[in-house]
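Peer 1: Supplied in structure tokens, the structure appears directly below.
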Amino acid sequence: MFFGEYRHAIDAKGRLFIPVKLRAELGERFWVCKGLGKCLQVFTDQSWNDFCARLDTLSVAQARHIKLYFYSGANETQLDAQGRIALTPQHREFASIERNVVIVGNRTHLEIWSESEWDSEQSYLGSEEITRELERLGF
């Protein structure tokens with residue numbers, strides 16, 4: 001399971017260092033795709049297969065655009081010898097990633113945000129909004 005927040009910078013070749021604490025959980029092969037909002041999602045091979053299986057239960061009419069959204073930008077990847085992943089130019093453009101990023105644990109997957117987008121997301125997600133949402137969900 002993934003938890004925590006980690007701040008790093010990508011290098012000139014678009015490579016991002018993945019903290020040691022997260023590497024073992026990711027495994028040898030994992031998936032990067034567009035996420036909700038302006039972030040990228042990183043799934044282990046198993047969690048990606050589980051996610052795809054859920055999407056695949058939807059009819060074509062129900063989920064055509066949703067499937068295209070996630071599958072068209074999905075990229076199987078692995079760590080290099082220095083513990084980095086290469087983010088594609090398309091992924092960097094989608095998430096507005098130029099240099100500084102925040103890697104965020106979201107239990108079943110990681111999210112990669114540009115630092116500015118993450119800071120905006122955090123200012124939006126104040127404790128009052130979270131409290132209202134929890135109440136709406138019956139917590």
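Residue names in the structure tokens use chain letters A, B, ... in the order shown, residue numbers from 1 in each chain, and ligand numbers from 1 in the order shown.
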Output as a list of chain:residue names all residues of region 23-133 of chain A that backbone DSSP marks as strand (DSSP E or B).

Peer 2: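 Taking region 23-133 of chain A and keeping strand (DSSP E or B) gives A:Phe30, A:Trp31, A:Val32, A:Cys33, A:Lys34, A:Cys39, A:Leu40, A:Gln41, A:Val42, A:Phe43, A:Thr44, A:Asn75, A:Glu76, A:Thr77, A:Arg84, A:Ile85, A:Ala86, A:Asn100, A:Val101, A:Val102, A:Ile103, A:Val104, A:Gly105, A:Arg107, A:Leu110, A:Glu111, A:Ile112, A:Trp113, A:Ser114.
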
Peer 1: At a cut-off of 8 Å, using only C-alpha atoms, what residues contact Thr108 (chain A)? Leave out same-chain residues fewer than 6 positions from it and give the result as a count of residues only.

Peer 2: 4

Peer 1: Identify, on the basis of only C-alpha atoms, every residue whose closest approach to region 90-94 of chain A does not exceed 12 Å; exclude the query and any residue fewer than 6 positions from it along the same chain; express the result as number ranges by chain.

Peer 2: A: 10, 13-16, 32-42, 69-70, 72-75, 100-101, 112-114, 117

Peer 1: For CA of Leu22 (chain A) and CA of Ala81 (chain A), quote the distance in Å rounded to one decimal.

Peer 2: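 Atom-to-atom, CA of Leu22 (chain A) to CA of Ala81 (chain A), that is 15.0 Å.
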
Peer 1: Rank nothing, just name the residue among A:Thr77, A:Ala9, A:Gly4, A:Lys67 nearest to Glu98 (chain A), using only C-alpha atoms.

Peer 2: A:Ala9

Peer 1: Just list the residues in chain A DSSP gives alpha helix (DSSP H) on the backbone, as a PyMOL selection string.

Peer 2: chain A and resi 20-26+45-56+60-72+89-94+115-124+127-136

Peer 1: If we count only C-alpha atoms and set the cut-off at 7 Å, which residues sit around Gln78 (chain A), ignoring sequence neighbours fewer than 2 positions away in its own chain? Please answer as a PDB file with N, CA, C and O atoms, in the first residue's frame.

Peer 2:
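Everything below was put into around31.pdb:
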```
ATOM      1  N   GLU A  28       8.871  -5.038 -10.194  1.00  0.00           N
ATOM      2  CA  GLU A  28       9.745  -4.847 -11.357  1.00  0.00           C
ATOM      3  C   GLU A  28       9.049  -4.134 -12.503  1.00  0.00           C
ATOM      4  O   GLU A  28       9.661  -3.400 -13.254  1.00  0.00           O
ATOM      5  N   ARG A  29       7.784  -4.383 -12.670  1.00  0.00           N
ATOM      6  CA  ARG A  29       7.021  -3.841 -13.798  1.00  0.00           C
ATOM      7  C   ARG A  29       5.796  -3.138 -13.228  1.00  0.00           C
ATOM      8  O   ARG A  29       5.101  -3.677 -12.382  1.00  0.00           O
ATOM      9  N   PHE A  30       5.522  -1.932 -13.728  1.00  0.00           N
ATOM     10  CA  PHE A  30       4.355  -1.192 -13.270  1.00  0.00           C
ATOM     11  C   PHE A  30       3.880  -0.272 -14.379  1.00  0.00           C
ATOM     12  O   PHE A  30       4.498  -0.202 -15.442  1.00  0.00           O
ATOM     13  N   ASP A  80      15.078   2.260 -13.649  1.00  0.00           N
ATOM     14  CA  ASP A  80      16.423   2.070 -14.178  1.00  0.00           C
ATOM     15  C   ASP A  80      17.352   1.726 -13.015  1.00  0.00           C
ATOM     16  O   ASP A  80      16.917   1.614 -11.859  1.00  0.00           O
ATOM     17  N   ILE A  85      12.297   6.515 -13.098  1.00  0.00           N
ATOM     18  CA  ILE A  85      11.440   6.163 -14.221  1.00  0.00           C
ATOM     19  C   ILE A  85      11.474   7.322 -15.210  1.00  0.00           C
ATOM     20  O   ILE A  85      11.664   8.467 -14.821  1.00  0.00           O
TER      21      ILE A  85
END
```
